[in-house]
$ cat model-v9.txt   # compact mmCIF, C-alpha atoms
# COMPACT_ATOMS: atom_id res chain seq x y z
CA MET A 967 111.37 94.40 110.06
CA LYS A 968 108.97 94.26 112.97
CA ASN A 969 105.30 95.14 112.81
CA LEU A 970 104.30 98.57 114.08
CA LYS A 971 101.52 99.11 116.59
CA TRP A 972 98.42 101.18 115.93
CA VAL A 973 99.56 104.74 115.39
CA LEU A 974 97.69 107.72 116.81
CA LEU A 975 98.33 110.67 114.52
CA THR A 976 97.39 113.59 116.75
CA ILE A 977 98.35 117.21 116.48
CA ALA A 978 100.49 116.94 119.58
CA ILE A 979 102.61 114.21 118.02
CA THR A 980 102.65 114.81 114.30
CA SER A 981 100.62 117.93 113.46
CA ILE A 982 98.74 115.99 110.79
CA ALA A 983 95.20 114.77 110.34
CA ALA A 984 94.33 113.16 113.62
CA PHE A 985 92.38 110.05 114.43
CA SER A 986 93.34 108.02 111.35
CA PHE A 987 94.57 104.89 113.04
CA TYR A 988 95.99 101.94 111.22
CA LYS A 989 98.27 98.94 111.72
CA TYR A 990 100.78 98.38 108.96
CA ASN A 991 103.91 96.37 108.23
CA GLU A 992 107.07 98.25 107.25
CA LYS A 993 107.69 95.67 104.54
CA LYS A 994 104.84 97.33 102.66
CA LYS A 995 106.67 100.66 102.41
CA ALA A 996 108.20 99.99 99.01
CA GLU A 997 106.44 103.05 97.64
CA ALA A 998 107.80 106.30 99.06
CA MET A 999 105.23 108.10 101.18
CA THR A 1000 105.20 111.43 99.41
CA CYS A 1001 102.96 114.44 98.96
CA CYS A 1002 100.65 112.34 96.83
CA THR A 1003 101.18 109.04 98.56
CA SER A 1004 98.31 106.63 98.63
CA LYS A 1005 98.98 106.34 102.36
CA ILE A 1006 98.05 109.87 103.43
CA PRO A 1007 95.57 109.19 106.25
CA SER A 1008 91.91 109.95 105.95
CA ARG A 1009 90.65 113.07 107.67
CA PHE A 1010 88.99 111.28 110.56
CA ALA A 1011 88.21 107.83 109.17
CA ALA A 1012 84.55 108.81 109.13
CA GLN A 1013 82.00 106.68 107.37
CA ASN A 1014 80.75 107.91 104.04
CA LYS A 1015 77.27 109.36 104.37
CA GLY A 1016 77.40 111.38 101.18
CA THR A 1017 75.22 110.97 98.13
CA ASP A 1018 76.50 108.58 95.51
CA SER A 1019 77.48 110.79 92.59
CA THR A 1020 77.12 107.98 90.07
CA THR A 1021 73.45 108.95 89.90
CA THR A 1022 72.79 110.40 86.46
CA ASN A 1023 72.08 114.12 86.38
CA ILE A 1024 71.39 116.30 83.37
CA ALA A 1025 73.26 119.58 83.38
CA THR A 1026 70.95 122.53 82.81
CA ASN A 1027 73.88 124.75 81.88
CA ARG A 1028 76.75 123.32 79.84
CA GLU A 1029 78.72 126.56 79.66
CA GLY A 1030 82.37 125.83 80.39
CA MET A 1031 82.00 122.16 79.43
CA VAL A 1032 83.14 120.21 76.40
CA TRP A 1033 81.50 117.16 74.82
CA ILE A 1034 83.76 114.10 74.79
CA GLU A 1035 82.69 111.47 72.31
CA GLY A 1036 82.71 107.97 73.75
CA GLY A 1037 85.08 105.25 72.68
CA THR A 1038 87.26 102.35 73.74
CA PHE A 1039 90.66 102.68 75.38
CA GLU A 1040 93.18 100.79 77.48
CA MET A 1041 92.89 101.91 81.09
CA GLY A 1042 95.92 101.64 83.36
CA ALA A 1043 99.62 102.46 83.66
CA ASP A 1044 101.70 103.03 80.51
CA ASN A 1045 105.24 103.07 81.90
CA GLU A 1046 107.44 101.66 84.65
CA GLN A 1047 106.21 104.25 87.14
CA GLY A 1048 102.83 102.57 87.34
CA ARG A 1049 101.89 101.35 90.79
CA ARG A 1050 100.30 98.06 91.71
CA ASP A 1051 96.77 99.46 91.79
CA GLU A 1052 97.19 100.88 88.25
CA LEU A 1053 97.70 97.42 86.74
CA PRO A 1054 96.91 95.46 84.69
CA LYS A 1055 95.78 97.58 81.76
CA HIS A 1056 92.30 96.62 80.62
CA GLN A 1057 89.89 97.50 77.83
CA VAL A 1058 87.14 99.98 78.67
CA LYS A 1059 84.29 101.23 76.48
CA LEU A 1060 82.53 104.49 77.37
CA ASP A 1061 79.51 106.43 76.21
CA GLY A 1062 80.02 110.11 75.52
CA PHE A 1063 79.77 112.76 78.26
CA PHE A 1064 80.28 116.44 78.96
CA MET A 1065 83.20 117.52 81.18
CA ASP A 1066 84.15 120.83 82.77
CA ILE A 1067 87.11 122.24 80.88
CA THR A 1068 88.65 123.38 84.18
CA GLU A 1069 88.67 122.41 87.80
CA VAL A 1070 85.87 124.06 89.77
CA THR A 1071 87.14 127.48 90.84
CA ASN A 1072 86.80 129.54 93.99
CA GLU A 1073 84.43 131.84 92.09
CA GLN A 1074 82.17 128.97 91.05
CA PHE A 1075 82.15 127.38 94.49
CA ALA A 1076 81.42 130.73 96.13
CA ALA A 1077 78.33 131.07 93.93
CA PHE A 1078 77.16 127.65 95.14
CA VAL A 1079 77.71 128.58 98.79
CA LYS A 1080 75.93 131.90 98.35
CA ALA A 1081 72.93 130.22 96.75
CA THR A 1082 72.64 127.36 99.23
CA GLY A 1083 74.36 128.37 102.47
CA TYR A 1084 76.39 125.16 102.25
CA ILE A 1085 79.04 124.54 104.93
CA THR A 1086 81.98 122.34 103.90
CA THR A 1087 83.35 119.41 105.85
CA ALA A 1088 86.51 121.33 106.79
CA GLU A 1089 84.38 124.04 108.41
CA LYS A 1090 82.60 121.63 110.74
CA ASP A 1091 83.67 120.24 114.10
CA VAL A 1092 84.08 116.48 114.25
CA ASN A 1093 81.34 114.30 115.72
CA TRP A 1094 83.17 111.69 117.77
CA ASP A 1095 80.14 109.40 117.99
CA GLU A 1096 80.05 109.19 114.19
CA ILE A 1097 83.67 108.26 113.69
CA LYS A 1098 84.51 105.93 116.56
CA ALA A 1099 82.68 103.03 114.91
CA THR A 1100 85.33 102.94 112.17
CA LEU A 1101 88.27 102.96 114.60
CA PRO A 1102 89.89 100.20 116.68
CA PRO A 1103 87.79 99.37 119.78
CA ASP A 1104 90.48 100.57 122.19
CA THR A 1105 90.92 103.98 120.54
CA PRO A 1106 90.75 106.66 123.25
CA LYS A 1107 88.55 109.69 122.74
CA PRO A 1108 90.70 112.69 121.75
CA LYS A 1109 90.75 115.93 123.69
CA PRO A 1110 87.95 118.37 122.72
CA GLU A 1111 90.34 120.75 120.96
CA MET A 1112 91.38 117.94 118.64
CA LEU A 1113 87.82 117.72 117.34
CA LYS A 1114 87.62 121.33 116.20
CA ALA A 1115 87.16 122.09 112.50
CA ALA A 1116 90.41 121.81 110.54
CA SER A 1117 92.02 120.56 107.35
CA LEU A 1118 95.44 119.53 106.01
CA VAL A 1119 97.84 122.30 104.95
CA PHE A 1120 101.20 121.84 103.24
CA VAL A 1121 104.13 123.40 105.13
CA PRO A 1122 107.59 123.00 103.54
CA THR A 1123 110.44 121.69 105.62
CA GLN A 1124 113.70 123.55 106.17
CA SER A 1125 115.86 120.86 104.61
CA ALA A 1126 115.80 117.34 103.20
CA VAL A 1127 113.77 114.88 105.26
CA ASN A 1128 112.83 111.23 105.24
CA LEU A 1129 110.06 110.99 102.64
CA GLN A 1130 108.54 108.09 104.54
CA ASP A 1131 107.32 110.55 107.20
CA TYR A 1132 104.68 112.72 105.56
CA SER A 1133 103.77 114.30 108.90
CA GLN A 1134 106.81 116.54 108.44
CA TRP A 1135 105.11 118.60 105.72
CA TRP A 1136 101.37 118.05 106.28
CA GLN A 1137 99.88 119.97 109.20
CA TRP A 1138 96.42 119.57 110.66
CA THR A 1139 95.43 123.24 110.76
CA HIS A 1140 92.41 124.66 112.57
CA GLY A 1141 90.65 127.29 110.49
CA ALA A 1142 91.91 125.92 107.16
CA ASP A 1143 89.12 125.55 104.60
CA TRP A 1144 88.21 126.59 101.06
CA LYS A 1145 88.04 130.26 102.03
CA HIS A 1146 91.30 130.05 104.02
CA PRO A 1147 93.53 127.60 102.11
CA LYS A 1148 96.66 128.19 104.21
CA GLY A 1149 94.84 128.60 107.53
CA PRO A 1150 92.80 131.28 109.33
CA ASN A 1151 95.12 134.13 108.38
CA SER A 1152 94.83 133.43 104.66
CA ASN A 1153 92.03 134.10 102.18
CA VAL A 1154 91.09 133.69 98.53
CA LYS A 1155 90.70 137.38 97.73
CA GLY A 1156 91.84 137.96 94.15
CA ASN A 1157 91.99 134.20 93.52
CA ASP A 1158 88.62 133.73 91.84
CA LYS A 1159 90.14 131.70 89.00
CA PHE A 1160 92.14 129.36 91.24
CA PRO A 1161 90.78 125.85 91.83
CA VAL A 1162 88.79 125.54 95.03
CA VAL A 1163 90.58 123.28 97.55
CA HIS A 1164 90.02 121.67 100.95
CA ILE A 1165 87.00 120.04 99.34
CA SER A 1166 85.78 116.67 100.59
CA TRP A 1167 84.10 114.12 98.35
CA ASP A 1168 80.86 114.95 100.12
CA ASP A 1169 81.34 118.66 99.36
CA ALA A 1170 82.04 117.94 95.71
CA ASN A 1171 78.87 115.89 95.42
CA ALA A 1172 76.79 118.63 97.00
CA TYR A 1173 78.11 121.10 94.41
CA CYS A 1174 77.44 118.65 91.57
CA GLN A 1175 73.84 118.16 92.64
CA TRP A 1176 73.30 121.93 92.81
CA ALA A 1177 74.85 122.35 89.34
CA GLY A 1178 72.88 119.46 87.81
CA LYS A 1179 76.07 117.53 87.17
CA ARG A 1180 78.01 114.66 88.76
CA LEU A 1181 81.54 113.57 89.52
CA PRO A 1182 83.33 111.64 86.75
CA THR A 1183 83.97 107.96 87.07
CA GLU A 1184 87.64 107.02 87.11
CA ALA A 1185 87.28 105.59 83.62
CA GLU A 1186 85.72 108.80 82.31
CA TRP A 1187 88.41 110.90 83.96
CA GLU A 1188 91.29 108.87 82.52
CA PHE A 1189 89.71 108.66 79.06
CA ALA A 1190 89.28 112.45 79.06
CA ALA A 1191 92.80 113.05 80.39
CA ARG A 1192 94.29 111.06 77.51
CA GLY A 1193 92.92 113.66 75.10
CA ASN A 1194 92.30 111.24 72.22
CA LEU A 1195 95.89 109.95 72.33
CA LYS A 1196 96.63 106.24 72.57
CA ASN A 1197 98.51 104.81 75.55
CA ASN A 1198 100.00 108.19 76.42
CA VAL A 1199 101.75 108.62 79.76
CA TYR A 1200 100.67 112.25 80.25
CA ALA A 1201 97.77 114.44 79.19
CA TRP A 1202 100.07 116.14 76.66
CA GLY A 1203 101.61 112.95 75.26
CA ASN A 1204 104.80 111.11 76.19
CA GLU A 1205 107.40 113.86 76.52
CA ASN A 1206 108.84 113.90 80.02
CA VAL A 1207 107.38 116.66 82.18
CA GLU A 1208 110.85 118.15 82.70
CA GLN A 1209 111.61 118.44 78.99
CA GLY A 1210 110.62 121.30 76.73
CA LYS A 1211 108.19 124.02 77.75
CA ASN A 1212 106.22 123.97 80.99
CA LYS A 1213 103.34 121.53 80.65
CA CYS A 1214 101.67 121.59 84.05
CA ASN A 1215 101.94 122.87 87.61
CA TYR A 1216 104.17 120.52 89.60
CA TRP A 1217 107.00 120.61 92.16
CA GLN A 1218 110.31 121.50 90.49
CA GLY A 1219 113.29 121.02 92.75
CA SER A 1220 113.80 118.99 95.92
CA PHE A 1221 110.64 118.03 97.75
CA PRO A 1222 109.51 119.05 100.35
CA TYR A 1223 111.85 121.97 101.05
CA LYS A 1224 112.98 123.55 97.76
CA ASN A 1225 110.70 124.44 94.87
CA ASP A 1226 112.50 126.14 91.99
CA THR A 1227 109.13 127.39 90.62
CA LYS A 1228 110.33 127.18 87.02
CA ASP A 1229 106.69 126.84 86.02
CA GLY A 1230 105.95 130.17 87.72
CA PHE A 1231 103.98 128.84 90.69
CA TYR A 1232 104.83 127.67 94.20
CA GLY A 1233 101.34 126.47 95.09
CA ALA A 1234 98.19 126.11 93.03
CA SER A 1235 97.90 128.10 89.81
CA PRO A 1236 94.89 129.76 88.17
CA VAL A 1237 93.02 127.42 85.85
CA LYS A 1238 94.07 127.62 82.19
CA SER A 1239 97.65 128.57 83.12
CA PHE A 1240 98.98 125.75 80.93
CA ALA A 1241 98.00 124.36 77.54
CA ALA A 1242 94.88 122.23 77.22
CA ASN A 1243 94.98 118.61 76.11
CA GLY A 1244 93.50 117.24 72.90
CA TYR A 1245 89.95 117.53 74.21
CA GLY A 1246 90.40 121.14 75.30
CA LEU A 1247 90.64 120.24 79.00
CA TYR A 1248 92.98 122.16 81.30
CA ASP A 1249 95.02 120.89 84.27
CA MET A 1250 94.38 117.20 83.68
CA GLY A 1251 97.87 116.80 85.11
CA GLY A 1252 99.15 118.71 88.14
CA ASN A 1253 97.68 121.72 89.98
CA VAL A 1254 95.24 119.92 92.31
CA TRP A 1255 94.02 116.36 92.73
CA GLU A 1256 90.44 115.80 91.62
CA TRP A 1257 87.78 113.62 93.22
CA CYS A 1258 86.14 110.87 91.16
CA ALA A 1259 82.87 109.08 91.86
CA ASP A 1260 84.29 105.58 92.31
CA LEU A 1261 84.91 103.68 95.50
CA TYR A 1262 88.54 102.60 95.87
CA HIS A 1263 89.58 98.94 96.01
CA HIS A 1264 93.29 98.15 95.84
CA ASP A 1265 92.89 95.18 93.48
CA TYR A 1266 89.97 96.41 91.37
CA TYR A 1267 92.04 96.36 88.17
CA GLU A 1268 93.03 92.76 88.85
CA GLN A 1269 89.35 91.90 89.21
CA MET A 1270 88.75 93.36 85.75
CA ALA A 1271 91.66 91.55 84.09
CA ASN A 1272 89.57 88.68 82.71
CA VAL A 1273 86.79 90.86 81.31
CA LYS A 1274 87.29 91.35 77.58
CA VAL A 1275 85.75 94.84 77.41
CA ILE A 1276 84.22 96.65 80.38
CA GLU A 1277 81.41 99.00 79.41
CA ASN A 1278 80.88 102.21 81.38
CA PRO A 1279 82.47 100.94 84.61
CA LYS A 1280 81.39 102.63 87.82
CA GLY A 1281 84.15 101.19 90.00
CA PRO A 1282 84.08 98.40 92.59
CA LYS A 1283 80.97 97.64 94.63
CA SER A 1284 82.91 97.88 97.88
CA SER A 1285 85.98 99.70 99.12
CA TYR A 1286 89.11 98.18 100.56
CA ASP A 1287 92.45 99.80 101.28
CA PRO A 1288 94.95 97.54 103.05
CA ASP A 1289 96.58 100.62 104.59
CA GLU A 1290 93.33 101.48 106.41
CA PRO A 1291 91.12 98.38 106.19
CA THR A 1292 88.21 99.82 108.18
CA VAL A 1293 87.92 103.08 106.24
CA PRO A 1294 85.84 103.36 103.04
CA LYS A 1295 87.74 105.32 100.37
CA ARG A 1296 86.99 107.22 97.16
CA THR A 1297 89.42 107.80 94.31
CA MET A 1298 91.25 110.93 93.13
CA ARG A 1299 93.02 111.67 89.86
CA GLY A 1300 95.39 114.15 88.22
CA GLY A 1301 98.23 114.87 90.61
CA SER A 1302 98.98 118.28 92.12
CA PHE A 1303 101.45 121.12 92.50
CA LEU A 1304 103.27 118.92 95.03
CA CYS A 1305 104.01 116.08 92.61
CA ASN A 1306 107.52 115.51 91.25
CA GLU A 1307 108.98 113.18 88.62
CA SER A 1308 111.56 111.76 91.02
CA TYR A 1309 109.16 110.20 93.48
CA CYS A 1310 105.53 109.98 92.37
CA SER A 1311 104.70 111.64 89.05
CA GLY A 1312 101.07 111.80 90.08
CA TYR A 1313 100.28 113.85 86.97
CA ARG A 1314 100.44 110.71 84.84
CA VAL A 1315 97.01 110.01 83.30
CA ALA A 1316 96.85 106.60 85.01
CA ALA A 1317 98.05 107.72 88.47
CA ARG A 1318 95.59 107.14 91.31
CA MET A 1319 95.16 108.33 94.87
CA LYS A 1320 92.43 107.68 97.43
CA SER A 1321 91.08 108.89 100.75
CA SER A 1322 87.95 108.84 102.88
CA PRO A 1323 85.08 110.96 101.52
CA ASP A 1324 85.40 113.44 104.38
CA SER A 1325 89.05 114.24 103.66
CA GLY A 1326 90.18 117.70 102.62
CA MET A 1327 93.63 118.96 101.71
CA GLU A 1328 95.29 122.06 100.31
CA HIS A 1329 95.90 120.29 97.01
CA LEU A 1330 92.52 118.60 96.58
CA GLY A 1331 89.62 119.84 94.44
CA PHE A 1332 87.36 118.48 91.68
CA ARG A 1333 85.66 119.00 88.32
CA CYS A 1334 82.27 117.84 87.06
CA VAL A 1335 80.81 115.88 84.19
CA ALA A 1336 77.27 115.56 82.83
CA ASP A 1337 75.36 113.21 80.59
CA LYS A 1338 73.96 114.19 77.20

$ encode --input "model-v9.txt" --output "structure tokens"
Amino acid sequence: MKNLKWVLLTIAITSIAAFSFYKYNEKKKAEAMTCCTSKIPSRFAAQNKGTDSTTTNIATNREGMVWIEGGTFEMGADNEQGRRDELPKHQVKLDGFFMDITEVTNEQFAAFVKATGYITTAEKDVNWDEIKATLPPDTPKPKPEMLKAASLVFVPTQSAVNLQDYSQWWQWTHGADWKHPKGPNSNVKGNDKFPVVHISWDDANAYCQWAGKRLPTEAEWEFAARGNLKNNVYAWGNENVEQGKNKCNYWQGSFPYKNDTKDGFYGASPVKSFAANGYGLYDMGGNVWEWCADLYHHDYYEQMANVKVIENPKGPKSSYDPDEPTVPKRTMRGGSFLCNESYCSGYRVAARMKSSPDSGMEHLGFRCVADK
């Protein structure tokens, strides 16, 4: 197959996050580009100017958190669904840490905004001078309306579509943010216990600093998700997500046009809607993706393969994503309400996703950890 030219993803062409430009070869499309594809473009390919959340903070209030005793585990994929960047499995040793038992909710985030006056990334217009340095030299400046504040919103299709073209269900929507998850005509009234979404990595870090906490490392997140089980595929064990009782919030049916909602939810669900894992943590699979502290590098696990035991890893020192080589990325974990067993199963404990730290989406939130 022939190489494709640099693609301009503007609203006029694809109705998806604009200004994420990248050259790629179609031979690299072995993985279906789905709702939780690793190839969803960054919001604007902006450089990360956020605070590094690996800085140790001591939580002044541990209410709503659980202590997770440290230990050693095998990090990485446990079944044939594992992707290249989830392999090889490697030994990791961690100190203990506190973790929020739920994803940060609208109610909790609202308290932060009220106390600080914080404005999220999705609520801000885009500064072209800041982002053009990360784009190809010949990238034209978009029209002014393209630079208005916006975020990615999921819009189902009318029928089956080519899952390689994610622009058919992701729309770059002006006025979409944490207070308006579906766009300007929506709100979060009555949804205090739902996970806050449209949160960038920078936003999550700002909340963590206010709360005296930090984002989890990928290793901490996966260790916690495993719930004291050994080499388990899911947070609840190894039983397939479609067997037995409902285990998490995920897409049941034919993505992206038919959701059977057998789990009772079409979109995100209130936290604690499903059983906790062995550590008492809720929604460690499904509901919304969760930011982690680590930079993303596509072959980081391969770099760790020859290390006998890695102690308290903080991720790679630099970021590299072959899909967008010029854009620094951060990692996400946990899957979302858009994941499905037939194409991504992002709710596996080892599943990974990544995007630029300024990215926000309708299925993207976070939870915090803290040191003893």

$ closest_residue --input "model-v9.txt" --among "A:Pro1147, A:Pro1291, A:Gly1210, A:Gly1312" --to "Ala1043 (chain A)" --atoms "all atoms listed in the file"
A:Gly1312

$ residues_around --input "model-v9.txt" --residues "Phe1039 (chain A)" --least-positions-apart "6" --cutoff "8 Å" --atoms "all atoms listed in the file" --output "PDB file with C-alpha atoms, in the coordinates of the input"
ATOM      1  CA  GLN A1057      89.890  97.500  77.830  1.00  0.00           C
ATOM      2  CA  VAL A1058      87.140  99.980  78.670  1.00  0.00           C
ATOM      3  CA  LYS A1059      84.290 101.230  76.480  1.00  0.00           C
ATOM      4  CA  PHE A1189      89.710 108.660  79.060  1.00  0.00           C
ATOM      5  CA  LYS A1196      96.630 106.240  72.570  1.00  0.00           C
TER       6      LYS A1196
END

$ closest_residue --input "model-v9.txt" --among "A:Leu1060, A:Val1315, A:Leu1129, A:Ala1241" --to "Asn1197 (chain A)" --atoms "all atoms listed in the file"
A:Val1315

$ closest_residue --input "model-v9.txt" --among "A:Phe1063, A:Trp1255, A:Tyr1313, A:Trp1033" --to "Tyr1200 (chain A)" --atoms "only C-alpha atoms"
A:Tyr1313

$ atom_distance --input "model-v9.txt" --atom1 "CA of Ala1190 (chain A)" --atom2 "CA of Met1041 (chain A)"
11.3 Å

$ atom_distance --input "model-v9.txt" --atom1 "CA of Asp1229 (chain A)" --atom2 "CA of Lys1211 (chain A)"
8.9 Å

$ closest_residue --input "model-v9.txt" --among "A:Cys1214, A:Ala1185, A:Leu1261, A:Val1237" --to "Glu1073 (chain A)" --atoms "all atoms listed in the file"
A:Val1237

$ residues_around --input "model-v9.txt" --residues "Thr1071 (chain A)" --least-positions-apart "5" --cutoff "8 Å" --atoms "all atoms listed in the file" --output "PyMOL selection string"
chain A and resi 1158-1162+1237

$ residues_around --input "model-v9.txt" --residues "Lys1280 (chain A)" --least-positions-apart "6" --cutoff "10 Å" --atoms "all atoms listed in the file" --output "VMD selection string"
chain A and resid 1020 1182 to 1186 1259 to 1261

$ closest_residue --input "model-v9.txt" --among "A:Trp1144, A:Tyr1232, A:Trp1187, A:Phe1303" --to "Arg1318 (chain A)" --atoms "all atoms listed in the file"
A:Trp1187

$ closest_residue --input "model-v9.txt" --among "A:Lys1274, A:Arg1050, A:Lys1338, A:Arg1314" --to "Glu1188 (chain A)" --atoms "only C-alpha atoms"
A:Arg1314

$ closest_atom_pairs --input "model-v9.txt" --of "region 1231-1325 of chain A" --to "region 1088-1096 of chain A" --cutoff "12 Å" --atoms "only C-alpha atoms" --output "Markdown table"
| residue | atom | partner | partner_atom | distance |
| --- | --- | --- | --- | --- |
| A:Pro1323 | CA | A:Ala1088 | CA | 11.7 |
| A:Asp1324 | CA | A:Ala1088 | CA | 8.3 |
| A:Ser1325 | CA | A:Ala1088 | CA | 8.2 |

$ atom_distance --input "model-v9.txt" --atom1 "CA of Asn1045 (chain A)" --atom2 "CA of Val1254 (chain A)"
22.2 Å

$ residues_around --input "model-v9.txt" --residues "Gly1230 (chain A)" --least-positions-apart "3" --cutoff "12 Å" --atoms "all atoms listed in the file" --output "PyMOL selection string"
chain A and resi 1211-1218+1225-1227+1233-1236+1239-1240+1303

$ residues_around --input "model-v9.txt" --residues "Arg1049 (chain A)" --least-positions-apart "6" --cutoff "10 Å" --atoms "only C-alpha atoms" --output "count of residues only"
7

$ axis_aligned_box --input "model-v9.txt" --around "region 1200-1204 of chain A" --padding-each-side "5 Å" --output "AutoDock Vina command-line options"
--center_x 101.3 --center_y 113.6 --center_z 77.8 --size_x 17.0 --size_y 15.0 --size_z 15.0
